[in-house]
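All remarks here apply to the structure that follows.
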Amino acid sequence: MYEFQSICRKKIALVISNIGPAGDIRIYAGKIVLTEKARYYFVNSTQHWEIEIERDIIKKLRPVQQDSKNIMLGADYFFSMEVTELTSSLFIQSLLNA
C-alpha cells in the first residue's frame with residue numbers, strides 16, 4: 001500500500017469501464033488531492049472536473065507498467081471504476097464528449 005505523500009505529486013490514471021451494453025472504456029489522467037476535511041478527489045485539470053473518491057483509494061492504486069505508459073496517458077499509477085450506464089449521467093456525458 002502507498003502513503004498519500006508518496007503519490008500526491010504523481011500522475012494518476014482513472015480507468016472507467018462501462019459494464020452496460022456499450023461496454024466501452026475511458027481513461028483520464030489527473031491527480032489525487034486530499035482536502036483539509038480529509039476528503040480525496042481525483043482532479044482532471046485538463047478538462048476541468050473532479051470527483052470525490054473513496055478514502056481507501058490509495059490501497060487500490062496499481063503501478064503502471066512501462067509498456068503501458070502510453071495507453072495510460074503517461075500516468076505513474078492507476079485505479080479503476082465500473083459504471084453500468086455511461087449515458088444516464090450528465091457528468092458522464094460531459095466526460096464522453098470531452
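Residues in the C-alpha cells are named by chain (A, B, ... in the order shown) and by number from 1 within that chain; ligands are numbered from 1 in the order shown.
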Find the residues of stretch 6-47 of chain A that sit at most 7 Å from stretch 63-74 of chain A; for each, write down the nearest two atoms and how far apart they are in Å, to one decimal. Count only C-alpha atoms. Sort by chain, then by number going up, and give it as a tab-separated table.
residue	atom	partner	partner_atom	distance
A:Ala13	CA	A:Met72	CA	6.1
A:Ile27	CA	A:Met72	CA	6.8
A:Ala29	CA	A:Leu73	CA	6.3
Review point. Residues at most 8 Å from stretch 53-57 of chain A, counting only C-alpha atoms, excluding those fewer than 3 positions away in the same chain, as a count of residues only?
Key: 7
Review point. Can you list, as a ChimeraX atom specification, every protein, DNA or RNA residue that comes within 7 Å of A:Met81 when you count only C-alpha atoms, leaving out same-chain residues fewer than 2 positions away?
Key: /A:15-17,83
Output the selection as a PDB file, in the first residue's frame - all heavy atoms for each residue.
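Written file, part_7.pdb:
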ATOM      1  N   VAL A  15      -9.433   4.723 -14.875  1.00  0.00           N
ATOM      2  CA  VAL A  15      -9.965   3.881 -15.937  1.00  0.00           C
ATOM      3  C   VAL A  15     -11.432   3.612 -15.613  1.00  0.00           C
ATOM      4  O   VAL A  15     -11.741   3.002 -14.590  1.00  0.00           O
ATOM      5  CB  VAL A  15      -9.182   2.554 -16.050  1.00  0.00           C
ATOM      6  CG1 VAL A  15      -9.762   1.674 -17.147  1.00  0.00           C
ATOM      7  CG2 VAL A  15      -7.700   2.819 -16.271  1.00  0.00           C
ATOM      8  N   ILE A  16     -12.326   4.103 -16.479  1.00  0.00           N
ATOM      9  CA  ILE A  16     -13.762   3.905 -16.268  1.00  0.00           C
ATOM     10  C   ILE A  16     -14.249   2.870 -17.277  1.00  0.00           C
ATOM     11  O   ILE A  16     -14.130   3.068 -18.485  1.00  0.00           O
ATOM     12  CB  ILE A  16     -14.550   5.213 -16.447  1.00  0.00           C
ATOM     13  CG1 ILE A  16     -14.080   6.251 -15.422  1.00  0.00           C
ATOM     14  CG2 ILE A  16     -16.055   4.952 -16.308  1.00  0.00           C
ATOM     15  CD1 ILE A  16     -14.752   7.593 -15.555  1.00  0.00           C
ATOM     16  N   SER A  17     -14.780   1.765 -16.754  1.00  0.00           N
ATOM     17  CA  SER A  17     -15.305   0.685 -17.601  1.00  0.00           C
ATOM     18  C   SER A  17     -16.819   0.707 -17.544  1.00  0.00           C
ATOM     19  O   SER A  17     -17.405   0.717 -16.462  1.00  0.00           O
ATOM     20  CB  SER A  17     -14.825  -0.676 -17.094  1.00  0.00           C
ATOM     21  OG  SER A  17     -13.429  -0.726 -17.053  1.00  0.00           O
ATOM     22  N   VAL A  83     -19.021   1.431 -14.151  1.00  0.00           N
ATOM     23  CA  VAL A  83     -20.346   2.044 -14.157  1.00  0.00           C
ATOM     24  C   VAL A  83     -21.253   1.178 -15.019  1.00  0.00           C
ATOM     25  O   VAL A  83     -20.792   0.463 -15.898  1.00  0.00           O
ATOM     26  CB  VAL A  83     -20.303   3.498 -14.689  1.00  0.00           C
ATOM     27  CG1 VAL A  83     -19.519   4.391 -13.761  1.00  0.00           C
ATOM     28  CG2 VAL A  83     -19.737   3.554 -16.084  1.00  0.00           C
TER      29      VAL A  83
END
Check your understanding: Looking at only C-alpha atoms, which of A:Lys11, A:Gln47, A:Asn18, A:Thr35 is the one that sits closest to A:Tyr77?
Key ->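 Under the stated criterion, the closest residue is A:Lys11.
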Review point. Taking the backbone alone, and naming residues the way the document does, which bits of stretch 1-96 of chain A are strand (DSSP E or B) by DSSP, as number ranges by chain?
Key: A: 12-18, 25-34, 40-44, 49-53, 62-63, 77-83
Check your understanding: So what do you get for atom CA of A:Ala38 versus atom CA of A:Ile12, distance-wise?
Key ->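 Pair atom CA of A:Ala38 / atom CA of A:Ile12 returns 19.0 Å.
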